[in-house]
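A short write-up of the structure that comes next.
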Amino acid sequence: MTATSSAPGERRTRSRRWGAIVSQTALTLVLLGYLFPFIWMVTSSLKPSSEIFANPPRLVGSSVEWGNYSEMLDYLPFGRLLLNSVIVAALGATLAVLVSVCAAYAFARLRFRGRNLLFVLLLSTLMVPQEVVVIPMFTMMRTAQLDNSYLALILPWAFTAFGTFLLRQFFLNLPYEIEEAAFLDGLGRFRTLWRIVVPMARPAIAVLFVFTFLSYWNSFLWPLIIVNSLDKATVPLGLQMFMGQNGNQWHLMMAAATLSVLPAVLLLIVLRRQLVAGVALGGLGNR
C-alpha cells in the first residue's frame with residue numbers, strides 16, 4: 001500500500017523537477033538572446049578596426065585593443081556628452097515625477113467638474129507622435145530664446161500623460177482611510193500627499209523615474225533639432241558623430257556605446273528592488 005501510494009508522489013516530484021529544468025533552460029536561452037547584442041557590442045569595442053566586419057564573424061578579435069577607448073575620447077569629448085545626458089535625464093525625470101505626482105493625485109482624489117473628460121483628453125495626447133509636435137515645440141523654444149539649452153531639452157517632455165496615468169492608477173489602489181486619518185490629525189491635502197501618499201507610492205515612483213530617465217537618455221530627434229553646439233549635445237548625438245564623410249569609425253562607436261550604457265545599468269541596479277516592488281504591487285496600473 002505504501003509503495004503504491006508513494007509511486008504517484010515520486011512521479012509528480014520527478015515531473016516538477018523536469019519542468020523546472022526545462023523552464024530554467026528556456027529562460028536562460030531567452031536571456032542570452034537579449035544579452036548577445038550587448039556582449040557583441042562590448043567585444044567589438046575591443047577589436048581592431050579591420051576586424052569589425054570580419055568574415056566569418058568572430059565574437060573576439062585577434063587582439064584586445066584597449067586603446068579604442070582612449071582614441072574615442074580623443075576623437076570626441078565624450079565625457080562632456082555623458083555629463084550633458086546625465087544632467088538632462090536626471091533633472092527631466094525628477095521634474096516629470098513631481099508634475100505627475102501632483103496631477104495624478106488630483107485626478108485620483110479630488111472631485112471637480114469635468115475631471116473624467118479632462119483625464120480622457122490628457123490620455124489622448126499619448127496617441128500623438130513625437131514627430132508631430134517637434135516643430136511647434138521648436139518654435140516655442142526659439143521664441144522664448146531657450147534653444148540650445150538644458151531647459152529646451154528638459155521642459156517639453158516633463159509633462160507626460162503616461163506618468164500621470166501610471167501614478168493615478170497606483171493612488172486609486174491606496175486605502176483612503178489612511179488619508180482620512182491624516183486629515184483628522186490636522187494635515188492638509190498638500191502635506192498628506194508628500195508625507196503620507198508619496199512614501200507609500202515609492203515603488204510606482206521608481207518605475208516612473210526609470211522609464212522617464214531612459215526616455216530622456218535615448219532621445220535623439222528632439223536634441224538633434226534643438227541643439228546646435230557640442231557643449232549641449234547628448235550621447236545619442238555623439239554616437240551619430242562617429243559616422244561622417246571620412247568614414248564610419250565603428251570600433252570607436254562601439255566603445256562609446258559601451259560607455260553610454262553604464263549609467264542606465266547603474267540606475268537599474270540601484271533601483272532594482274523598487275522596480276520589482278512597483279510591478280508586484282500594481283505600479284504599472286492594474287485597474
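Identifiers for the C-alpha cells are assigned positionally: chains receive A, B, ... in sequence, residues are indexed from 1 per chain, and ligands are indexed from 1 in the order shown.
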
Output as a tab-separated table one row per residue of range 142-212 of chain A within 7 Å of range 98-121 of chain A: the closest atom pair and its distance in Å to one decimal place, counting only C-alpha atoms, sorted by chain and residue number ascending.
residue	atom	partner	partner_atom	distance
A:Phe159	CA	A:Val99	CA	6.6
A:Gly163	CA	A:Ser100	CA	5.3
A:Thr164	CA	A:Ser100	CA	4.6
A:Phe165	CA	A:Ala104	CA	6.7
A:Leu167	CA	A:Ala104	CA	5.6
A:Arg168	CA	A:Ala104	CA	4.4
A:Phe171	CA	A:Ala108	CA	6.3
A:Leu172	CA	A:Ala108	CA	5.9

Written selection (C-alpha atoms) as a PDB file, in the first residue's frame:
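Final file, out.pdb:
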ATOM      1  CA  PHE A 159       4.683  67.000 -18.605  1.00  0.00           C
ATOM      2  CA  GLY A 163       3.365  59.496 -15.743  1.00  0.00           C
ATOM      3  CA  THR A 164       0.025  60.911 -14.638  1.00  0.00           C
ATOM      4  CA  PHE A 165      -1.814  57.762 -15.716  1.00  0.00           C
ATOM      5  CA  LEU A 167       0.643  57.163 -10.664  1.00  0.00           C
ATOM      6  CA  ARG A 168      -3.124  57.748 -10.751  1.00  0.00           C
ATOM      7  CA  PHE A 171      -3.088  56.142  -5.979  1.00  0.00           C
ATOM      8  CA  LEU A 172      -6.516  54.636  -6.673  1.00  0.00           C
TER       9      LEU A 172
END

Go through range 34-147 of chain A residue by residue and, counting only C-alpha atoms, keep those with an atom at most 7 Å from range 206-214 of chain A; for each kept residue give the shortest atom pair and its distance in Å to one decimal, ordered by chain and increasing number, as CSV.
residue,atom,partner,partner_atom,distance
A:Ala89,CA,A:Phe213,CA,5.0
A:Ala90,CA,A:Phe213,CA,6.3
A:Ala93,CA,A:Phe213,CA,5.2
A:Thr94,CA,A:Phe209,CA,7.0
A:Val97,CA,A:Phe209,CA,6.5

Could you take the residues named above and write them with all heavy atoms, as a short mmCIF file (atom, residue, chain, number, x, y, z; two decimals), in the first residue's frame?
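What follows is the written file again-v4.cif:
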data_model
loop_
_atom_site.label_atom_id
_atom_site.label_comp_id
_atom_site.auth_asym_id
_atom_site.auth_seq_id
_atom_site.Cartn_x
_atom_site.Cartn_y
_atom_site.Cartn_z
N ALA A 89 18.75 63.94 -18.28
CA ALA A 89 17.92 62.80 -17.90
C ALA A 89 17.53 62.85 -16.42
O ALA A 89 16.36 62.59 -16.07
CB ALA A 89 18.63 61.50 -18.22
N ALA A 90 18.47 63.19 -15.56
CA ALA A 90 18.17 63.22 -14.12
C ALA A 90 17.20 64.35 -13.78
O ALA A 90 16.21 64.14 -13.08
CB ALA A 90 19.47 63.37 -13.32
N ALA A 93 13.72 63.64 -15.46
CA ALA A 93 12.96 62.59 -14.78
C ALA A 93 12.44 63.09 -13.43
O ALA A 93 11.30 62.78 -13.05
CB ALA A 93 13.83 61.36 -14.59
N THR A 94 13.25 63.87 -12.72
CA THR A 94 12.81 64.41 -11.43
C THR A 94 11.63 65.36 -11.61
O THR A 94 10.63 65.29 -10.87
CB THR A 94 13.97 65.15 -10.74
OG1 THR A 94 15.06 64.24 -10.55
CG2 THR A 94 13.52 65.70 -9.39
N VAL A 97 8.48 63.44 -12.49
CA VAL A 97 7.90 62.77 -11.32
C VAL A 97 7.12 63.77 -10.46
O VAL A 97 6.00 63.48 -10.02
CB VAL A 97 9.02 62.10 -10.49
CG1 VAL A 97 8.49 61.69 -9.12
CG2 VAL A 97 9.54 60.87 -11.22
#

Would you mind listing, for every residue of range 242-279 of chain A within 9 Å of range 79-87 of chain A, the two atoms forming the shortest contact and the distance between them in Å to one decimal, using only C-alpha atoms, sorted by chain and ascending residue number, as a tab-separated table?
residue	atom	partner	partner_atom	distance
A:Leu259	CA	A:Leu82	CA	8.7
A:Ser260	CA	A:Leu82	CA	7.0
A:Pro263	CA	A:Val86	CA	8.0

Those same residues - N, CA and C atoms - I'd like them written as a short mmCIF file (atom, residue, chain, number, x, y, z; two decimals), in the first residue's frame.
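Listed below is the output, selection.cif:
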data_model
loop_
_atom_site.label_atom_id
_atom_site.label_comp_id
_atom_site.auth_asym_id
_atom_site.auth_seq_id
_atom_site.Cartn_x
_atom_site.Cartn_y
_atom_site.Cartn_z
N LEU A 259 30.23 52.70 -23.13
CA LEU A 259 30.25 53.64 -22.01
C LEU A 259 28.88 54.27 -21.78
N SER A 260 28.14 54.50 -22.86
CA SER A 260 26.84 55.17 -22.72
C SER A 260 25.80 54.29 -22.03
N PRO A 263 25.63 54.27 -17.27
CA PRO A 263 24.76 54.99 -16.32
C PRO A 263 23.37 54.39 -16.18
#

task = Check the DSSP output for the backbone and give back, as a VMD selection string, the residues of range 42-271 of chain A in helix (DSSP H, G or I).
result = chain A and resid 42 to 44 49 to 51 67 to 75 78 to 109 115 to 127 130 to 143 150 to 157 161 to 173 176 to 184 189 to 200 202 to 218 221 to 226 230 to 232 235 to 240 250 to 270

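A straight line drawn from CA of Met200 in chain A to CA of Phe170 in chain A is 9.7 Å long.
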
request  = Extract, using only C-alpha atoms, all DNA, RNA and protein residues at most 6 Å from range 39-53 of chain A, discarding same-chain residues fewer than 2 positions from it, and format them as a PyMOL selection string.
outcome  = chain A and resi 36-37+60-61+64-66+251+254-255

note = If you count only C-alpha atoms, the residue of A:Asn68, A:Thr13, A:Ser62, A:Gln24 closest to Gln249 in chain A turns out to be A:Asn68

Surrounding residues of range 151-154 of chain A excluding itself and chain neighbours under 4 positions, 8 Å, only C-alpha atoms, as JSON, numbers by chain = {"A": [88, 89, 91, 92, 141, 146, 147, 158, 222, 223, 226]}

Looking only at strand (DSSP E) from DSSP on the backbone, list the matching residues of range 121-283 of chain A as a compact mmCIF listing (two decimals) with N, CA and C atoms, in the first residue's frame.
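And here's out_4.txt as it stands now:
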# COMPACT_ATOMS: atom_id res chain seq x y z
N MET A 243 29.89 58.76 -37.50
CA MET A 243 29.59 58.44 -38.89
C MET A 243 29.67 59.74 -39.69
N GLY A 244 30.61 59.82 -40.61
CA GLY A 244 30.80 61.06 -41.35
C GLY A 244 31.42 60.83 -42.71
N GLY A 247 34.42 58.48 -43.24
CA GLY A 247 34.23 57.05 -42.97
C GLY A 247 33.58 56.84 -41.61
N ASN A 248 33.08 55.66 -41.41
CA ASN A 248 32.42 55.31 -40.16
C ASN A 248 33.42 54.66 -39.21

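We find CA of Leu123 in chain A and CA of Phe138 in chain A to be spaced 22.8 Å apart.
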
query = What's the 10 Å shell around Leu237 in chain A, counting only C-alpha atoms, without same-chain residues fewer than 5 positions away, as a ChimeraX atom specification?
reply = /A:81,218-221,223-224,227,230,232,242

Next, write the just-selected residues to a file, as a PDB file, in the first residue's frame, keeping C-alpha atoms as the atom set.
ATOM      1  CA  LEU A  81      28.305  64.338 -23.766  1.00  0.00           C
ATOM      2  CA  ASN A 218      17.720  57.641 -25.507  1.00  0.00           C
ATOM      3  CA  SER A 219      16.082  60.693 -27.100  1.00  0.00           C
ATOM      4  CA  PHE A 220      17.633  61.566 -30.459  1.00  0.00           C
ATOM      5  CA  LEU A 221      15.165  63.516 -32.605  1.00  0.00           C
ATOM      6  CA  PRO A 223      18.150  67.040 -29.268  1.00  0.00           C
ATOM      7  CA  LEU A 224      19.037  66.858 -32.966  1.00  0.00           C
ATOM      8  CA  VAL A 227      20.793  71.635 -30.044  1.00  0.00           C
ATOM      9  CA  LEU A 230      28.681  70.340 -28.978  1.00  0.00           C
ATOM     10  CA  LYS A 232      24.849  70.893 -25.110  1.00  0.00           C
ATOM     11  CA  PHE A 242      31.210  58.791 -35.463  1.00  0.00           C
TER      12      PHE A 242
END

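A straight line drawn from CA of Pro236 in chain A to CA of Pro129 in chain A is 19.6 Å long.
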